[in-house]
>>> print(open('coords-v4.cif').read())   # mmCIF, C-alpha atoms (C1' of nucleotides)
data_target
loop_
_atom_site.label_atom_id
_atom_site.label_comp_id
_atom_site.auth_asym_id
_atom_site.auth_seq_id
_atom_site.Cartn_x
_atom_site.Cartn_y
_atom_site.Cartn_z
CA MET M 212 -56.44 22.56 -12.90
CA ASP M 213 -57.61 25.12 -15.37
CA ARG M 214 -56.32 28.34 -16.81
CA ILE M 215 -57.07 30.25 -13.61
CA ASP M 216 -55.26 27.75 -11.38
CA GLU M 217 -52.21 28.09 -13.59
CA GLU M 218 -52.37 31.84 -13.30
CA ILE M 219 -52.64 31.58 -9.52
CA LEU M 220 -49.62 29.27 -9.39
CA LYS M 221 -47.64 31.62 -11.60
CA LEU M 222 -48.41 34.53 -9.28
CA LEU M 223 -47.55 32.51 -6.19
CA LYS M 224 -44.27 31.33 -7.71
CA GLU M 225 -43.28 34.97 -8.12
CA ASN M 226 -44.54 35.92 -4.68
CA GLY M 227 -45.53 33.16 -2.32
CA ARG M 228 -46.98 35.66 0.11
CA MET M 229 -49.26 37.41 -2.33
CA THR M 230 -52.60 37.79 -0.59
CA SER M 231 -55.74 36.20 -1.90
CA SER M 232 -57.23 39.64 -2.36
CA GLU M 233 -54.27 40.67 -4.55
CA ILE M 234 -54.63 37.49 -6.57
CA SER M 235 -58.37 37.99 -6.85
CA LYS M 236 -57.77 41.26 -8.67
CA HIS M 237 -55.58 39.51 -11.24
CA VAL M 238 -57.83 36.56 -11.92
CA HIS M 239 -61.17 38.34 -11.54
CA LEU M 240 -62.61 36.13 -8.88
CA SER M 241 -63.77 36.84 -5.36
CA VAL M 242 -61.40 36.42 -2.42
CA PRO M 243 -63.06 33.26 -1.06
CA ALA M 244 -62.99 31.69 -4.54
CA VAL M 245 -59.24 32.25 -4.74
CA SER M 246 -58.65 30.94 -1.21
CA GLU M 247 -60.65 27.86 -2.03
CA ARG M 248 -58.63 27.19 -5.16
CA ILE M 249 -55.36 27.56 -3.28
CA ARG M 250 -56.62 25.27 -0.55
CA LYS M 251 -57.50 22.63 -3.13
CA LEU M 252 -54.15 22.97 -4.87
CA GLU M 253 -52.46 22.32 -1.53
CA GLU M 254 -54.79 19.47 -0.69
CA GLY M 255 -54.37 17.90 -4.13
CA GLN M 256 -50.61 18.08 -3.62
CA VAL M 257 -50.01 20.25 -6.65
CA ILE M 258 -48.58 22.77 -4.21
CA ASP M 259 -45.98 20.86 -2.25
CA ARG M 260 -45.48 23.73 0.17
CA PHE M 261 -44.92 27.41 0.56
CA THR M 262 -41.33 28.26 1.21
CA VAL M 263 -38.72 30.94 1.12
CA ARG M 264 -35.91 31.14 -1.37
CA LEU M 265 -32.65 32.33 0.14
CA ASN M 266 -29.80 34.11 -1.53
CA ARG M 267 -26.87 31.75 -1.09
CA GLU M 268 -24.26 34.43 -1.76
CA GLN M 269 -25.64 36.54 1.08
CA THR M 270 -25.30 33.63 3.46
CA GLY M 271 -21.66 33.03 2.59
CA LEU M 272 -22.17 30.02 0.33
CA HIS M 273 -20.09 31.29 -2.56
CA LEU M 274 -19.35 27.93 -4.11
CA LEU M 275 -21.85 25.78 -5.96
CA ALA M 276 -20.87 22.41 -7.38
CA PHE M 277 -22.26 19.19 -8.76
CA ILE M 278 -20.68 15.93 -7.72
CA MET M 279 -21.31 12.71 -9.61
CA VAL M 280 -20.81 9.61 -7.50
CA GLN M 281 -20.33 5.99 -8.47
CA LEU M 282 -21.42 3.48 -5.86
CA GLU M 283 -20.14 -0.08 -6.18
CA LYS M 284 -23.01 -2.14 -4.86
CA PRO M 285 -26.60 -1.61 -3.67
CA GLU M 286 -25.68 -2.62 -0.11
CA HIS M 287 -23.71 0.59 0.23
CA VAL M 288 -26.73 2.77 -0.43
CA ALA M 289 -27.94 2.93 3.18
CA GLY M 290 -24.74 4.53 4.49
CA PHE M 291 -24.63 6.88 1.55
CA ARG M 292 -28.22 7.95 2.10
CA THR M 293 -27.58 8.63 5.78
CA MET M 294 -24.65 10.87 4.95
CA ILE M 295 -26.68 12.78 2.36
CA VAL M 296 -29.57 13.43 4.70
CA GLN M 297 -27.31 14.56 7.51
CA THR M 298 -25.16 16.90 5.42
CA PRO M 299 -26.79 20.33 5.07
CA SER M 300 -24.44 21.43 2.29
CA VAL M 301 -25.96 18.79 0.03
CA LEU M 302 -28.94 20.56 -1.50
CA GLU M 303 -29.99 17.83 -3.86
CA CYS M 304 -29.31 14.16 -4.41
CA HIS M 305 -30.60 12.31 -7.43
CA HIS M 306 -30.30 8.65 -8.27
CA LEU M 307 -29.20 8.36 -11.89
CA ALA M 308 -29.27 5.98 -14.79
CA GLY M 309 -25.90 5.82 -16.51
CA GLU M 310 -22.23 5.68 -15.70
CA TYR M 311 -22.59 7.47 -12.38
CA ASP M 312 -25.15 6.44 -9.79
CA TYR M 313 -25.80 9.70 -7.96
CA LEU M 314 -25.65 13.37 -8.70
CA LEU M 315 -25.27 15.78 -5.80
CA LYS M 316 -25.76 19.51 -5.86
CA VAL M 317 -23.80 21.13 -3.07
CA ALA M 318 -23.42 24.68 -1.77
CA LEU M 319 -20.34 25.56 0.25
CA LYS M 320 -18.39 28.46 1.62
CA SER M 321 -15.13 27.69 -0.14
CA THR M 322 -13.05 25.20 -2.09
CA GLY M 323 -11.62 24.15 1.25
CA GLU M 324 -15.04 23.01 2.36
CA LEU M 325 -15.53 21.27 -0.95
CA GLU M 326 -12.27 19.39 -0.55
CA GLN M 327 -13.29 18.35 2.92
CA LEU M 328 -16.72 17.21 1.76
CA ILE M 329 -15.31 15.11 -1.04
CA SER M 330 -12.36 13.54 0.74
CA GLU M 331 -13.64 13.24 4.29
CA GLN M 332 -17.32 12.59 3.79
CA ILE M 333 -17.95 11.13 0.37
CA LYS M 334 -14.81 9.21 -0.57
CA ARG M 335 -14.47 7.89 2.94
CA LEU M 336 -17.77 6.06 2.54
CA GLU M 337 -17.76 2.34 1.95
CA GLY M 338 -18.49 1.55 -1.70
CA VAL M 339 -17.75 4.89 -3.32
CA SER M 340 -15.55 3.94 -6.21
CA LYS M 341 -15.39 7.15 -8.21
CA THR M 342 -16.51 10.78 -8.08
CA ASN M 343 -16.46 13.58 -10.60
CA THR M 344 -16.93 17.18 -9.53
CA MET M 345 -18.17 20.03 -11.70
CA ILE M 346 -17.67 23.53 -10.32
CA VAL M 347 -20.33 26.11 -11.17
CA LEU M 348 -18.91 29.38 -12.49
CA SER M 349 -22.25 31.15 -12.76
CA THR M 350 -25.93 30.36 -12.86
CA MET M 351 -28.17 31.60 -15.66
CA LYS M 352 -31.42 30.14 -14.43
CA GLU M 353 -32.51 28.44 -11.25
CA GLU M 354 -36.08 27.51 -10.45
CA MET M 355 -37.74 24.60 -8.77
CA MET P 1444 -27.96 37.59 11.15
CA ASP P 1445 -27.98 35.94 14.53
CA ARG P 1446 -29.29 32.76 16.03
CA ILE P 1447 -32.87 34.05 15.98
CA ASP P 1448 -32.74 35.06 12.31
CA GLU P 1449 -31.51 31.58 11.44
CA GLU P 1450 -34.37 30.06 13.38
CA ILE P 1451 -36.85 32.30 11.56
CA LEU P 1452 -35.40 31.31 8.19
CA LYS P 1453 -35.57 27.64 9.12
CA LEU P 1454 -39.24 27.99 10.01
CA LEU P 1455 -40.02 29.92 6.84
CA LYS P 1456 -38.22 27.33 4.70
CA GLU P 1457 -40.54 24.70 6.10
CA ASN P 1458 -43.60 26.90 5.77
CA GLY P 1459 -43.27 30.15 3.88
CA ARG P 1460 -46.70 31.24 4.99
CA MET P 1461 -46.15 30.76 8.69
CA THR P 1462 -47.54 33.85 10.38
CA SER P 1463 -45.39 36.19 12.39
CA SER P 1464 -47.45 35.37 15.44
CA GLU P 1465 -46.73 31.66 14.97
CA ILE P 1466 -43.03 32.40 14.57
CA SER P 1467 -43.08 34.70 17.58
CA LYS P 1468 -44.11 31.76 19.76
CA HIS P 1469 -41.12 29.73 18.58
CA VAL P 1470 -38.47 32.41 18.94
CA HIS P 1471 -39.90 34.14 22.03
CA LEU P 1472 -40.18 37.60 20.57
CA SER P 1473 -43.17 39.86 20.02
CA VAL P 1474 -45.00 39.86 16.69
CA PRO P 1475 -43.69 43.27 15.55
CA ALA P 1476 -40.14 42.21 16.39
CA VAL P 1477 -40.48 39.14 14.17
CA SER P 1478 -42.08 41.14 11.34
CA GLU P 1479 -39.26 43.64 11.52
CA ARG P 1480 -36.63 40.92 11.32
CA ILE P 1481 -38.31 39.34 8.30
CA ARG P 1482 -38.56 42.73 6.64
CA LYS P 1483 -34.85 43.30 7.16
CA LEU P 1484 -33.96 39.85 5.85
CA GLU P 1485 -35.90 40.66 2.69
CA GLU P 1486 -34.39 44.10 2.41
CA GLY P 1487 -30.86 42.79 3.01
CA GLN P 1488 -31.45 40.26 0.22
CA VAL P 1489 -30.89 37.25 2.43
CA ILE P 1490 -34.43 36.28 1.56
CA ASP P 1491 -34.54 36.33 -2.21
CA ARG P 1492 -38.30 35.88 -2.27
CA PHE P 1493 -41.21 33.92 -0.94
CA THR P 1494 -42.37 31.29 -3.34
CA VAL P 1495 -44.31 28.10 -3.74
CA ARG P 1496 -42.82 24.72 -4.38
CA LEU P 1497 -44.84 22.62 -6.79
CA ASN P 1498 -45.05 18.88 -7.04
CA ARG P 1499 -43.78 18.10 -10.51
CA GLU P 1500 -45.35 14.64 -10.60
CA GLN P 1501 -48.78 16.13 -9.97
CA THR P 1502 -48.35 18.48 -12.91
CA GLY P 1503 -47.45 15.68 -15.30
CA LEU P 1504 -43.71 16.26 -15.36
CA HIS P 1505 -42.69 12.70 -14.70
CA LEU P 1506 -39.24 12.91 -16.17
CA LEU P 1507 -36.31 14.75 -14.62
CA ALA P 1508 -32.93 14.85 -16.32
CA PHE P 1509 -29.61 16.62 -16.33
CA ILE P 1510 -28.03 17.53 -19.63
CA MET P 1511 -24.38 18.49 -19.92
CA VAL P 1512 -23.64 20.64 -22.93
CA GLN P 1513 -20.37 21.46 -24.65
CA LEU P 1514 -20.33 24.76 -26.51
CA GLU P 1515 -17.58 25.30 -29.07
CA LYS P 1516 -16.91 29.01 -28.81
CA PRO P 1517 -17.97 31.96 -26.65
CA GLU P 1518 -19.75 33.61 -29.57
CA HIS P 1519 -22.38 30.90 -29.45
CA VAL P 1520 -23.38 31.74 -25.91
CA ALA P 1521 -25.96 34.40 -26.81
CA GLY P 1522 -28.14 32.05 -28.85
CA PHE P 1523 -27.80 29.35 -26.24
CA ARG P 1524 -28.81 31.73 -23.48
CA THR P 1525 -31.89 32.86 -25.42
CA MET P 1526 -33.02 29.27 -25.90
CA ILE P 1527 -32.54 28.52 -22.17
CA VAL P 1528 -34.53 31.52 -21.01
CA GLN P 1529 -37.36 30.81 -23.41
CA THR P 1530 -37.68 27.12 -22.62
CA PRO P 1531 -39.84 26.52 -19.55
CA SER P 1532 -38.80 22.89 -19.22
CA VAL P 1533 -35.28 24.03 -18.40
CA LEU P 1534 -35.40 24.56 -14.64
CA GLU P 1535 -31.74 25.36 -14.15
CA CYS P 1536 -28.75 26.28 -16.24
CA HIS P 1537 -25.27 26.50 -14.77
CA HIS P 1538 -22.07 27.53 -16.48
CA LEU P 1539 -19.40 25.00 -15.56
CA ALA P 1540 -15.67 24.64 -15.28
CA GLY P 1541 -14.48 21.39 -16.84
CA GLU P 1542 -15.09 19.23 -19.88
CA TYR P 1543 -18.65 20.39 -20.36
CA ASP P 1544 -19.62 24.05 -20.41
CA TYR P 1545 -23.21 23.97 -19.19
CA LEU P 1546 -25.33 21.78 -17.02
CA LEU P 1547 -29.09 21.91 -17.50
CA LYS P 1548 -31.71 20.52 -15.20
CA VAL P 1549 -34.88 19.79 -17.13
CA ALA P 1550 -38.36 18.56 -16.20
CA LEU P 1551 -40.51 16.99 -18.89
CA LYS P 1552 -43.61 14.94 -19.44
CA SER P 1553 -41.97 12.03 -21.20
CA THR P 1554 -38.89 10.67 -22.95
CA GLY P 1555 -40.49 11.86 -26.16
CA GLU P 1556 -40.32 15.41 -24.96
CA LEU P 1557 -36.75 14.85 -23.85
CA GLU P 1558 -35.81 13.58 -27.28
CA GLN P 1559 -37.42 16.59 -28.87
CA LEU P 1560 -35.67 18.98 -26.50
CA ILE P 1561 -32.26 17.48 -27.15
CA SER P 1562 -32.49 17.01 -30.89
CA GLU P 1563 -34.67 19.91 -31.94
CA GLN P 1564 -33.73 22.61 -29.48
CA ILE P 1565 -30.29 21.95 -28.07
CA LYS P 1566 -28.37 20.08 -30.78
CA ARG P 1567 -29.85 22.26 -33.47
CA LEU P 1568 -28.14 25.28 -31.92
CA GLU P 1569 -25.06 26.68 -33.55
CA GLY P 1570 -21.94 25.67 -31.62
CA VAL P 1571 -23.25 22.78 -29.60
CA SER P 1572 -20.64 20.11 -30.15
CA LYS P 1573 -21.57 17.51 -27.60
CA THR P 1574 -24.23 16.70 -25.03
CA ASN P 1575 -24.51 14.08 -22.34
CA THR P 1576 -27.83 13.31 -20.67
CA MET P 1577 -28.33 11.78 -17.26
CA ILE P 1578 -31.82 10.51 -16.48
CA VAL P 1579 -32.99 10.80 -12.89
CA LEU P 1580 -34.49 7.59 -11.51
CA SER P 1581 -35.45 9.02 -8.14
CA THR P 1582 -34.68 11.99 -5.95
CA MET P 1583 -33.55 11.59 -2.35
CA LYS P 1584 -33.25 15.23 -1.48
CA GLU P 1585 -34.18 18.45 -3.21
CA GLU P 1586 -33.93 21.87 -1.60
CA MET P 1587 -32.91 25.27 -2.77
"C1'" DT A 1010 -22.82 60.89 33.18
"C1'" DT A 1011 -25.24 62.07 29.27
"C1'" DT A 1012 -26.68 61.19 24.76
"C1'" DC A 1013 -27.70 58.57 20.80
"C1'" DT A 1014 -28.87 54.38 18.57
"C1'" DT A 1015 -30.76 49.99 18.19
"C1'" DC A 1016 -33.99 46.72 19.27
"C1'" DG A 1017 -37.54 45.43 21.75
"C1'" DT A 1018 -42.68 45.70 23.90
"C1'" DC A 1019 -47.43 47.21 24.16
"C1'" DG A 1020 -51.83 48.82 22.56
"C1'" DA A 1021 -54.80 50.57 18.83
"C1'" DT A 1022 -56.17 50.36 14.26
"C1'" DC A 1023 -56.60 48.38 9.82
"C1'" DC A 1024 -56.98 44.89 6.51
"C1'" DG A 1025 -57.16 40.30 4.85
"C1'" DA A 1026 -58.86 35.50 5.70
"C1'" DT A 1027 -62.46 32.70 6.88
"C1'" DC A 1028 -67.11 31.28 7.56
"C1'" DC A 1029 -71.88 31.10 6.31
"C1'" DA A 1030 -75.98 31.74 3.69
"C1'" DC A 1031 -77.40 32.25 -0.76
"C1'" DT A 1032 -77.27 32.01 -6.02
"C1'" DC A 1033 -76.31 30.17 -10.46
"C1'" DG A 1034 -75.48 26.76 -14.01
"C1'" DA A 1035 -74.50 22.18 -15.58
"C1'" DA A 1036 -75.10 17.38 -15.30
"C1'" DT A 1037 -78.01 13.56 -13.64
"C1'" DC A 1038 -82.00 11.08 -12.89
"C1'" DC A 1039 -86.68 9.91 -12.81
"C1'" DG G 502 -89.05 17.80 -19.78
"C1'" DG G 503 -88.71 19.14 -15.20
"C1'" DA G 504 -86.80 18.31 -10.60
"C1'" DT G 505 -82.63 17.42 -8.08
"C1'" DT G 506 -78.08 17.58 -6.87
"C1'" DC G 507 -73.48 19.08 -6.97
"C1'" DG G 508 -69.68 22.21 -7.86
"C1'" DA G 509 -68.19 26.79 -7.89
"C1'" DG G 510 -68.78 31.53 -7.00
"C1'" DT G 511 -70.60 35.87 -4.53
"C1'" DG G 512 -71.39 39.02 -0.67
"C1'" DG G 513 -71.51 40.22 4.05
"C1'" DA G 514 -70.11 39.57 8.94
"C1'" DT G 515 -66.75 38.19 12.03
"C1'" DC G 516 -62.24 36.98 13.64
"C1'" DG G 517 -57.38 37.26 13.86
"C1'" DG G 518 -52.97 38.73 12.29
"C1'" DA G 519 -50.12 42.69 10.49
"C1'" DT G 520 -48.82 47.23 10.96
"C1'" DC G 521 -48.00 51.60 13.10
"C1'" DG G 522 -46.87 54.83 16.69
"C1'" DA G 523 -45.44 55.77 21.30
"C1'" DC G 524 -42.57 54.32 24.63
"C1'" DG G 525 -38.74 51.84 27.29
"C1'" DA G 526 -34.33 49.36 28.06
"C1'" DA G 527 -29.52 48.28 26.97
"C1'" DG G 528 -25.17 49.27 24.93
"C1'" DA G 529 -21.79 52.40 22.60
"C1'" DA G 530 -19.73 56.77 22.04
"C1'" DA G 531 -18.78 61.54 23.49
#
>>> encode(input="coords-v4.cif", output="structure tokens")
Amino acid sequence: MDRIDEEILKLLKENGRMTSSEISKHVHLSVPAVSERIRKLEEGQVIDRFTVRLNREQTGLHLLAFIMVQLEKPEHVAGFRTMIVQTPSVLECHHLAGEYDYLLKVALKSTGELEQLISEQIKRLEGVSKTNTMIVLSTMKEEM
Amino acid sequence: MDRIDEEILKLLKENGRMTSSEISKHVHLSVPAVSERIRKLEEGQVIDRFTVRLNREQTGLHLLAFIMVQLEKPEHVAGFRTMIVQTPSVLECHHLAGEYDYLLKVALKSTGELEQLISEQIKRLEGVSKTNTMIVLSTMKEEM
DNA sequence: TTTCTTCGTCGATCCGATCCACTCGAATCC
DNA sequence: GGATTCGAGTGGATCGGATCGACGAAGAAA
């Protein structure tokens, strides 16, 4: 990981489909040299994967929210985890230190869907003692 | 946006560099037909952009945290916004409804960096009345 | 029915990726 | 000190995917 690798990653973050020949012009290396660096970044797990970033608004997901969840005991984690994995509207789930145990980031079509998610999926789960939902009004920055 | 477009998006989410010819085998269309659909998804803004997802651990960012921020008055927003945009460790910044005004997602090398971010960058700002930091212990799910 | 539009296929061409042989420079080892 | 080895890059040839244009089929509107 040197200066050039960082530059390559920066370019690929902006455009994950930028060709090696395009990149080679920016970093002043030959095409095979760039390809080799990218291959190594993937192999060395610095690059997790190439992906596509969707526009949630355009796909009807107008509501973004964060839900903090308190789980009573560790034995309830398995059921909770299953629900998280199976629910596509849950974009992220982080285990936390502090008052709440989990923080979920969810994207939904409407407040109706949010209500349903909270009352029929989350609160229905064994061991969920408390939740706290924060509705997102707007997003200033969002990267990975 | 039909069934086939959704399938294409699903494939591209998993591998943003999957070739049109690869995709064409999955969705049973010709290569130009797939290319055309991808082009239209980009043009119609459903696809925001192609990008690369990095492994934060591999780049030394071992600490992930969420910081809730309370801002006293709207006139303090400009300075806050400037700080957010200029700080690379802030991955996300959402404007919230509720007790706190902003939720930040930050990735850092260490607790030392977190301390510095909170006390020297965030709390130093005019108008920041209260913050609440949640440290992430582990992440179960993380998509866009 | 005829026409127009949309969406697809097919084939040709073009361009980028990959592979291989070779070079260069730095570090290692006798 | 000189030879060796290894990592990283270059340049050219080849291979394969993307793109483009011509064409065809299906559905909607006149």
>>> atom_distance(input="coords-v4.cif", atom1="atom CA of Leu325 of chain M", atom2="atom CA of Cys304 of chain M")
15.9 Å
>>> residues_around(input="coords-v4.cif", residues="DT1011 of chain A", least_positions_apart="2", cutoff="12 Å", atoms="all atoms listed in the file", output="PyMOL selection string")
(chain A and resi 1013) or (chain G and resi 530-531)
>>> write_last_selection(input="coords-v4.cif", atoms="C-alpha atoms (C1' of nucleotides)", output="PDB file, in the frame of the given file")
ATOM      1  C1'  DC A1013     -27.700  58.570  20.800  1.00  0.00           C
TER       2       DC A1013
ATOM      3  C1'  DA G 530     -19.730  56.770  22.040  1.00  0.00           C
ATOM      4  C1'  DA G 531     -18.780  61.540  23.490  1.00  0.00           C
TER       5       DA G 531
END
>>> closest_residue(input="coords-v4.cif", among="G:DG503, G:DG513, G:DG518, G:DG508", to="chain P", atoms="only C-alpha atoms (C1' of nucleotides)")
G:DG518
>>> closest_atom_pairs(input="coords-v4.cif", of="chain G", to="chain P", cutoff="10 Å", atoms="all atoms listed in the file", output="CSV")
residue,atom,partner,partner_atom,distance
G:DG518,C1',P:Ser1464,CA,7.2
G:DA519,C1',P:Pro1475,CA,8.2
G:DT520,C1',P:Pro1475,CA,7.9
G:DC521,C1',P:Pro1475,CA,9.7
>>> interface_residues(input="coords-v4.cif", of="chain P", to="chain A", cutoff="9 Å", atoms="only C-alpha atoms (C1' of nucleotides)", output="PDB file with C-alpha atoms, in the coordinates of the input")
ATOM      1  CA  LEU P1472     -40.180  37.600  20.570  1.00  0.00           C
ATOM      2  CA  SER P1473     -43.170  39.860  20.020  1.00  0.00           C
ATOM      3  CA  PRO P1475     -43.690  43.270  15.550  1.00  0.00           C
ATOM      4  CA  ALA P1476     -40.140  42.210  16.390  1.00  0.00           C
TER       5      ALA P1476
END
>>> resolve_selection(input="coords-v4.cif", expression="the PyMOL selection byres ((chain M) within 9 of (chain P))", output="PyMOL selection string")
chain M and resi 220+223-229+255-270+276+292+295-296+301-311+313-314+316+344-355
>>> atom_distance(input="coords-v4.cif", atom1="atom CA of Thr322 of chain M", atom2="atom CA of Gly338 of chain M")
24.3 Å
>>> atom_distance(input="coords-v4.cif", atom1="atom CA of Ser1562 of chain P", atom2="atom CA of Met1526 of chain P")
13.2 Å
>>> closest_residue(input="coords-v4.cif", among="M:Glu254, M:Glu247, M:Glu337, M:Glu331", to="DG510 of chain G", atoms="all atoms listed in the file")
M:Glu247
>>> resolve_selection(input="coords-v4.cif", expression="the PyMOL selection byres ((chain M and resi 320) around 6)", output="number ranges by chain")
M: 271-274, 319, 321
